[in-house]
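Coordinates as given in target.cif (mmCIF, C-alpha atoms and all ligand atoms):
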data_run
#
loop_
_atom_site.label_atom_id
_atom_site.label_comp_id
_atom_site.auth_asym_id
_atom_site.auth_seq_id
_atom_site.Cartn_x
_atom_site.Cartn_y
_atom_site.Cartn_z
CA MET G 1 -18.47 -8.33 -4.00
CA SER G 2 -21.11 -7.99 -6.72
CA ALA G 3 -20.27 -8.05 -10.41
CA GLN G 4 -21.82 -4.56 -10.60
CA SER G 5 -19.41 -3.09 -8.03
CA GLN G 6 -16.44 -4.46 -10.02
CA LYS G 7 -17.68 -3.00 -13.32
CA ASN G 8 -15.72 0.24 -13.44
CA ARG G 9 -12.66 -1.00 -11.66
CA LEU G 10 -9.25 -1.01 -13.31
CA THR G 11 -8.19 -4.58 -14.05
CA VAL G 12 -4.87 -6.40 -13.80
CA PRO G 13 -4.48 -6.63 -17.63
CA GLN G 14 -5.20 -2.88 -17.90
CA VAL G 15 -2.46 -2.14 -15.38
CA ARG G 16 -0.08 -4.43 -17.22
CA ALA G 17 -0.86 -2.66 -20.49
CA ARG G 18 0.35 0.64 -19.00
CA LYS G 19 3.98 -0.52 -19.26
CA GLY G 20 5.93 2.37 -20.77
CA GLY G 21 2.74 4.45 -21.11
CA GLU G 22 0.94 6.91 -18.85
CA PRO G 23 2.54 6.60 -15.41
CA LEU G 24 0.57 4.60 -12.82
CA VAL G 25 -0.62 6.65 -9.83
CA CYS G 26 -0.52 4.51 -6.70
CA LEU G 27 -0.98 5.20 -2.98
CA THR G 28 -1.50 3.15 0.15
CA ALA G 29 -4.95 3.00 1.77
CA TYR G 30 -5.88 1.33 5.03
CA ASP G 31 -9.44 2.45 5.77
CA ALA G 32 -12.70 3.33 4.04
CA ALA G 33 -12.65 7.09 4.70
CA MET G 34 -9.25 7.57 3.06
CA ALA G 35 -9.93 5.08 0.25
CA ARG G 36 -13.06 7.05 -0.68
CA LEU G 37 -10.98 10.22 -1.08
CA LEU G 38 -8.12 8.59 -2.98
CA ASP G 39 -10.09 6.31 -5.28
CA ALA G 40 -10.85 8.72 -8.13
CA HIS G 41 -7.21 9.86 -8.35
CA CYS G 42 -5.42 6.52 -8.17
CA ASP G 43 -4.91 3.59 -10.51
CA ILE G 44 -3.85 1.32 -7.66
CA LEU G 45 -4.61 1.42 -3.94
CA LEU G 46 -2.28 -0.76 -1.92
CA VAL G 47 -3.38 -2.04 1.45
CA GLY G 48 0.26 -2.19 2.52
CA ASP G 49 1.54 -3.96 5.59
CA SER G 50 2.99 -0.52 6.40
CA LEU G 51 -0.38 -0.17 8.15
CA GLY G 52 1.32 -1.87 11.10
CA MET G 53 3.52 1.20 11.51
CA VAL G 54 1.22 3.93 10.18
CA VAL G 55 -2.04 2.88 11.84
CA HIS G 56 -1.02 0.57 14.67
CA GLY G 57 2.16 2.31 15.83
CA MET G 58 4.46 -0.71 15.40
CA ASP G 59 8.22 -0.24 14.92
CA SER G 60 8.28 -2.43 11.82
CA THR G 61 5.94 -4.50 9.64
CA ILE G 62 7.04 -7.79 11.21
CA GLY G 63 4.12 -8.11 13.65
CA VAL G 64 1.39 -7.55 11.06
CA THR G 65 -1.02 -10.49 10.71
CA LEU G 66 -3.19 -11.80 7.90
CA ASP G 67 -6.30 -10.98 9.96
CA MET G 68 -5.21 -7.33 10.14
CA MET G 69 -4.74 -7.25 6.36
CA VAL G 70 -8.20 -8.74 5.82
CA LEU G 71 -9.89 -6.26 8.16
CA HIS G 72 -8.24 -3.23 6.54
CA GLY G 73 -8.68 -4.72 3.06
CA GLN G 74 -12.43 -5.10 3.62
CA ALA G 75 -12.69 -1.47 4.73
CA VAL G 76 -10.84 -0.24 1.64
CA MET G 77 -12.90 -2.40 -0.69
CA ARG G 78 -16.15 -1.00 0.72
CA ALA G 79 -15.09 2.49 -0.40
CA ALA G 80 -12.89 2.09 -3.48
CA LYS G 81 -14.90 1.69 -6.67
CA GLN G 82 -12.42 2.43 -9.46
CA ALA G 83 -8.85 1.71 -8.38
CA LEU G 84 -7.33 -1.75 -8.52
CA VAL G 85 -6.89 -2.84 -4.90
CA VAL G 86 -3.79 -4.85 -3.98
CA ILE G 87 -3.23 -6.35 -0.53
CA ASP G 88 0.16 -7.13 1.00
CA LEU G 89 0.81 -10.61 2.34
CA PRO G 90 2.53 -9.97 5.67
CA PHE G 91 5.70 -11.53 7.06
CA GLY G 92 5.40 -15.25 7.79
CA THR G 93 2.30 -15.88 5.67
CA TYR G 94 3.89 -16.86 2.31
CA GLU G 95 7.62 -17.57 2.58
CA LYS G 96 7.45 -21.19 3.77
CA SER G 97 6.08 -22.70 0.56
CA PRO G 98 4.01 -21.88 -2.52
CA GLU G 99 1.14 -23.80 -0.90
CA GLN G 100 1.29 -21.61 2.21
CA ALA G 101 1.29 -18.53 -0.04
CA PHE G 102 -1.70 -19.87 -1.99
CA GLN G 103 -3.67 -20.46 1.19
CA SER G 104 -2.93 -16.95 2.51
CA ALA G 105 -3.53 -15.22 -0.82
CA SER G 106 -6.77 -17.04 -1.64
CA TRP G 107 -8.13 -16.26 1.83
CA VAL G 108 -7.23 -12.58 1.59
CA LEU G 109 -8.75 -12.21 -1.88
CA SER G 110 -11.95 -14.11 -1.12
CA ALA G 111 -12.49 -12.36 2.22
CA THR G 112 -11.95 -8.85 0.82
CA GLY G 113 -12.84 -8.93 -2.89
CA ALA G 114 -9.50 -7.26 -3.72
CA GLN G 115 -7.85 -8.00 -7.08
CA ALA G 116 -4.28 -8.96 -6.25
CA VAL G 117 -1.69 -9.60 -3.57
CA LYS G 118 1.81 -8.21 -3.17
CA ILE G 119 4.76 -10.15 -1.82
CA GLU G 120 8.26 -8.96 -1.07
CA SER G 121 10.13 -10.98 -3.60
CA GLY G 122 13.73 -12.03 -3.32
CA VAL G 123 14.88 -14.34 -6.13
CA TYR G 124 13.68 -17.28 -4.00
CA ALA G 125 10.08 -16.06 -4.39
CA ALA G 126 9.88 -16.69 -8.14
CA GLU G 127 8.55 -20.22 -7.62
CA THR G 128 5.80 -18.85 -5.39
CA ILE G 129 4.85 -16.11 -7.84
CA ARG G 130 4.60 -18.68 -10.63
CA PHE G 131 2.55 -21.03 -8.44
CA LEU G 132 0.06 -18.27 -7.56
CA THR G 133 -0.27 -16.75 -11.03
CA ASP G 134 -0.76 -20.21 -12.58
CA ARG G 135 -3.68 -20.64 -10.18
CA GLY G 136 -5.37 -17.34 -10.99
CA ILE G 137 -3.93 -15.13 -8.28
CA PRO G 138 -2.40 -11.92 -9.63
CA VAL G 139 0.83 -11.04 -7.84
CA MET G 140 2.70 -7.76 -7.51
CA GLY G 141 6.39 -8.22 -6.69
CA HIS G 142 8.43 -5.94 -4.42
CA VAL G 143 12.22 -5.72 -4.78
CA GLY G 144 15.10 -3.58 -3.53
CA LEU G 145 14.53 -2.32 0.00
CA ARG G 146 12.25 -4.96 1.49
CA PRO G 147 10.84 -3.80 4.85
CA GLN G 148 10.07 -7.38 5.92
CA ALA G 149 13.84 -8.07 5.80
CA SER G 150 14.49 -5.36 8.39
CA LEU G 151 15.41 -7.88 11.10
CA SER G 152 18.17 -9.57 9.10
CA GLU G 153 19.37 -6.29 7.58
CA GLY G 154 19.33 -4.27 10.79
CA GLY G 155 16.81 -1.69 9.58
CA PHE G 156 15.46 -0.19 6.38
CA LYS G 157 18.42 0.04 4.01
CA ALA G 158 18.50 1.52 0.50
CA LYS G 159 19.84 -0.97 -2.05
CA GLY G 160 22.44 -0.95 -4.82
CA ARG G 161 25.48 0.40 -2.97
CA ASP G 162 27.87 -1.89 -4.86
CA ASP G 163 27.85 -3.94 -8.07
CA ALA G 164 26.92 -7.18 -6.32
CA GLU G 165 23.94 -5.58 -4.60
CA ARG G 166 22.81 -3.88 -7.81
CA GLN G 167 22.97 -7.20 -9.62
CA ARG G 168 20.98 -8.86 -6.83
CA VAL G 169 18.15 -6.33 -7.07
CA LEU G 170 18.12 -6.64 -10.87
CA ASP G 171 17.96 -10.43 -10.55
CA GLU G 172 15.10 -10.17 -8.05
CA ALA G 173 13.12 -7.99 -10.46
CA LYS G 174 13.80 -10.23 -13.46
CA ALA G 175 12.85 -13.31 -11.47
CA ALA G 176 9.53 -11.76 -10.42
CA ASP G 177 8.89 -10.65 -14.00
CA GLU G 178 9.67 -14.02 -15.56
CA ALA G 179 7.51 -15.74 -12.94
CA GLY G 180 4.49 -13.69 -14.03
CA ALA G 181 4.21 -10.73 -11.63
CA PHE G 182 1.81 -8.20 -13.21
CA ALA G 183 3.66 -5.24 -11.66
CA ILE G 184 6.77 -4.83 -9.54
CA VAL G 185 7.42 -2.32 -6.77
CA ILE G 186 11.04 -1.11 -6.71
CA GLU G 187 11.89 0.46 -3.37
CA GLY G 188 14.95 2.42 -2.25
CA VAL G 189 17.32 2.32 -5.24
CA GLU G 190 19.02 5.15 -7.13
CA GLU G 191 17.89 6.38 -10.52
CA GLY G 192 20.35 4.48 -12.73
CA LEU G 193 19.40 1.13 -11.26
CA ALA G 194 15.68 1.99 -11.27
CA ARG G 195 15.93 2.80 -14.98
CA GLU G 196 17.87 -0.38 -15.74
CA ILE G 197 15.28 -2.50 -13.93
CA THR G 198 12.35 -0.68 -15.54
CA GLN G 199 13.82 -1.35 -18.98
CA ALA G 200 14.66 -4.96 -18.16
CA VAL G 201 11.21 -6.10 -17.04
CA SER G 202 8.02 -6.49 -19.08
CA ALA G 203 5.76 -5.65 -16.12
CA PRO G 204 5.21 -2.04 -15.03
CA ALA G 205 7.81 -1.03 -12.43
CA ILE G 206 6.36 1.10 -9.65
CA GLY G 207 8.90 3.17 -7.77
CA ILE G 208 9.06 4.28 -4.16
CA GLY G 209 12.22 6.18 -3.37
CA ALA G 210 13.42 4.98 -6.76
CA SER G 211 13.27 8.15 -8.92
CA ALA G 212 10.91 9.06 -11.75
CA ALA G 213 12.50 6.51 -14.10
CA CYS G 214 9.81 3.91 -13.31
CA ASP G 215 6.41 3.25 -14.92
CA GLY G 216 4.58 4.67 -11.91
CA GLN G 217 4.97 5.82 -8.33
CA ILE G 218 3.66 4.77 -4.95
CA LEU G 219 3.94 6.52 -1.59
CA VAL G 220 2.58 5.92 1.87
CA THR G 221 -0.39 8.30 1.82
CA GLN G 222 0.12 9.63 5.35
CA ASP G 223 3.76 10.45 4.53
CA MET G 224 2.85 12.57 1.54
CA LEU G 225 -0.02 14.23 3.41
CA GLY G 226 2.35 15.28 6.19
CA LEU G 227 0.76 13.37 9.07
CA PHE G 228 4.08 12.65 10.77
CA ASP G 229 7.03 14.80 11.89
CA TRP G 230 9.36 12.53 9.95
CA ALA G 231 9.10 11.07 6.45
CA PRO G 232 11.71 9.45 4.19
CA LYS G 233 13.67 12.12 2.34
CA PHE G 234 12.35 11.09 -1.08
CA VAL G 235 8.78 11.94 0.00
CA ARG G 236 7.42 15.22 -1.31
CA ARG G 237 4.81 16.50 1.14
CA TYR G 238 1.62 17.66 -0.53
CA GLY G 239 -0.12 18.61 2.72
CA GLN G 240 0.44 19.51 6.35
CA MET G 241 -2.05 17.15 7.91
CA SER G 242 -0.48 17.10 11.40
CA ALA G 243 -0.53 20.92 11.64
CA MET G 244 -4.12 21.01 10.40
CA ILE G 245 -5.24 18.41 12.96
CA GLU G 246 -3.36 20.00 15.85
CA ASP G 247 -4.83 23.39 15.03
CA ALA G 248 -8.39 22.02 14.76
CA VAL G 249 -8.14 19.93 17.93
CA GLY G 250 -6.59 22.84 19.84
CA ARG G 251 -9.49 25.11 18.86
CA TYR G 252 -11.99 22.39 19.75
CA ALA G 253 -10.41 21.93 23.19
CA GLU G 254 -10.60 25.69 23.82
CA ASP G 255 -14.29 25.73 22.86
CA VAL G 256 -15.09 22.81 25.16
CA LYS G 257 -13.21 24.35 28.10
CA SER G 258 -14.92 27.71 27.64
CA ARG G 259 -18.30 26.00 27.18
CA ALA G 260 -18.58 27.53 23.74
CA PHE G 261 -19.48 24.17 22.32
CA PRO G 262 -21.94 23.16 21.09
CA GLY G 263 -23.54 26.38 19.89
CA ALA G 264 -27.12 27.02 20.95
CA ASN G 265 -28.60 26.38 17.53
CA GLU G 266 -26.41 23.31 16.85
CA THR G 267 -27.97 21.13 19.54
CA TYR G 268 -31.26 19.26 19.91
CA SER G 269 -34.39 20.95 21.17
CA PHE G 270 -37.70 19.21 21.81
CA LYS G 271 -41.06 20.75 22.29
CA GLN G 272 -42.49 19.92 25.72
CA LYS G 273 -45.71 17.91 25.51
CA ASN G 274 -48.43 19.30 27.74
CA GLY G 275 -50.07 16.98 30.23
O1 LIG P 301 3.61 -1.71 2.82
C1 LIG P 301 3.63 -0.77 2.00
O2 LIG P 301 2.96 0.25 2.17
C2 LIG P 301 4.45 -0.92 0.81
C3 LIG P 301 4.60 0.26 -0.09
C4 LIG P 301 5.19 1.41 0.57
C5 LIG P 301 5.24 -0.08 -1.36
O3 LIG P 301 4.97 -1.95 0.58
#
Go ahead and render the structure in this file as structure tokens.
Amino acid sequence: MSAQSQKNRLTVPQVRARKGGEPLVCLTAYDAAMARLLDAHCDILLVGDSLGMVVHGMDSTIGVTLDMMVLHGQAVMRAAKQALVVIDLPFGTYEKSPEQAFQSASWVLSATGAQAVKIESGVYAAETIRFLTDRGIPVMGHVGLRPQASLSEGGFKAKGRDDAERQRVLDEAKAADEAGAFAIVIEGVEEGLAREITQAVSAPAIGIGASAACDGQILVTQDMLGLFDWAPKFVRRYGQMSAMIEDAVGRYAEDVKSRAFPGANETYSFKQKNG
């Protein structure tokens, strides 16, 4: 990653400085083609471990590996020139110890050129966040609904149903904030709790399924573009990508079957050489 290619890119301190200001526009990106389209519109592109489900058809994010994150992270970094790029550390690559997290995070950042990592951060993760940030690795926290906890929680469950759970999510966010996270994703909580957390932490809070009370929003890009039949109910669809693709592919198939493709003047023609 040359110094030149990093020149116009949003930095971690600039993101931090947006606390309480203009809302941060964030989306997921997993490949170069999409990153190129999103880059100019987004402050942050997250190479989320949701790529396991969105791109690789997994049932959860549990089977995602560090190698997968590096491969997708490299693709995004080749195309994104302005947005801050954050890469998720997947399940099993950071929870064991701060040292394990440092090894995973430093490898991901040096192999991709991305600016920061994200970890799903229960209160226990504060020590790891502090360890990484003290050593120059910017960390985004992720509290509330934590998809990597889907095995122990029996699925993807919104958080804050009772006082104890609300307090736990608030504690997770405060712990990540005090440990030095530069931004914190809040997923799957209702508006009152999202507002309380946003006001309680000094880092920008980025909501997903957590109302407009946060300092910014993130969505899975393919959800908001309408690539799938189903999307979480908090997702507003800004496109009908699946209908568009099905229509285009259907018309293509008809053309191929009726030999209407390719058109006569769309193919190669070579002049015959005499002799
Ligand atoms: O993996 C992911 O894409 C995420 C976002 C949805 C926040 O964690």
Adding 3 Å on each side of the box along x, y and z that holds all listed atoms of range 91-104 of chain G, could you give its centre and edge lengths in Å to one decimal, as lines of an AutoDock Vina configuration file?
center_x = 2.0
center_y = -17.7
center_z = 2.6
size_x = 17.3
size_y = 18.3
size_z = 16.3
For each of G:Glu191, G:Leu45, G:Arg259, G:Val201, take the minimum atom-to-atom distance to Phe234 in chain G, counting all atoms listed in the file, then give the residue where this is smallest. G:Glu191
Check every protein, DNA and RNA residue against ligand LIG 301 (chain P), keep those with an atom at most 6 Å away (counting only C-alpha atoms and all ligand atoms), and present them as a VMD selection string. chain G and resid 28 48 to 50 219 to 220
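The gap separating CA of Val86 in chain G from CA of Pro23 in chain G is 17.4 Å, in Å to one decimal.
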Which is closest to Ala205 in chain G among G:Ala164, G:Ala126, G:Cys26, G:Ala179, if we use all atoms listed in the file? G:Cys26
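Among G:Phe182, G:Phe102, G:Phe228, G:Tyr252, the residue with the shortest atom-to-atom distance to Arg16 in chain G, counting all atoms listed in the file, is G:Phe182.
Rounded to one decimal, CA of Val12 in chain G and CA of Gly63 in chain G lie 28.9 Å from each other.
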I want to know what sits within 12 Å of Ile119 in chain G, based on all atoms listed in the file, with residues of the same chain fewer than 4 positions away left out; could you give that as a ChimeraX atom specification? /G:46-49,86-95,98,101-102,104-105,123-126,128-129,132,137-143,146-148,176,181-185
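Residues with any atom within 12 Å of Ala17 in chain G, counting only C-alpha atoms and excluding same-chain neighbours fewer than 3 positions away, are Leu10, Thr11, Val12, Pro13, Gln14, Gly20, Gly21, Glu22, Pro23, Leu24, Phe182, Ala183, Ser202, Ala203, Pro204, Ala205 and Asp215 of chain G.
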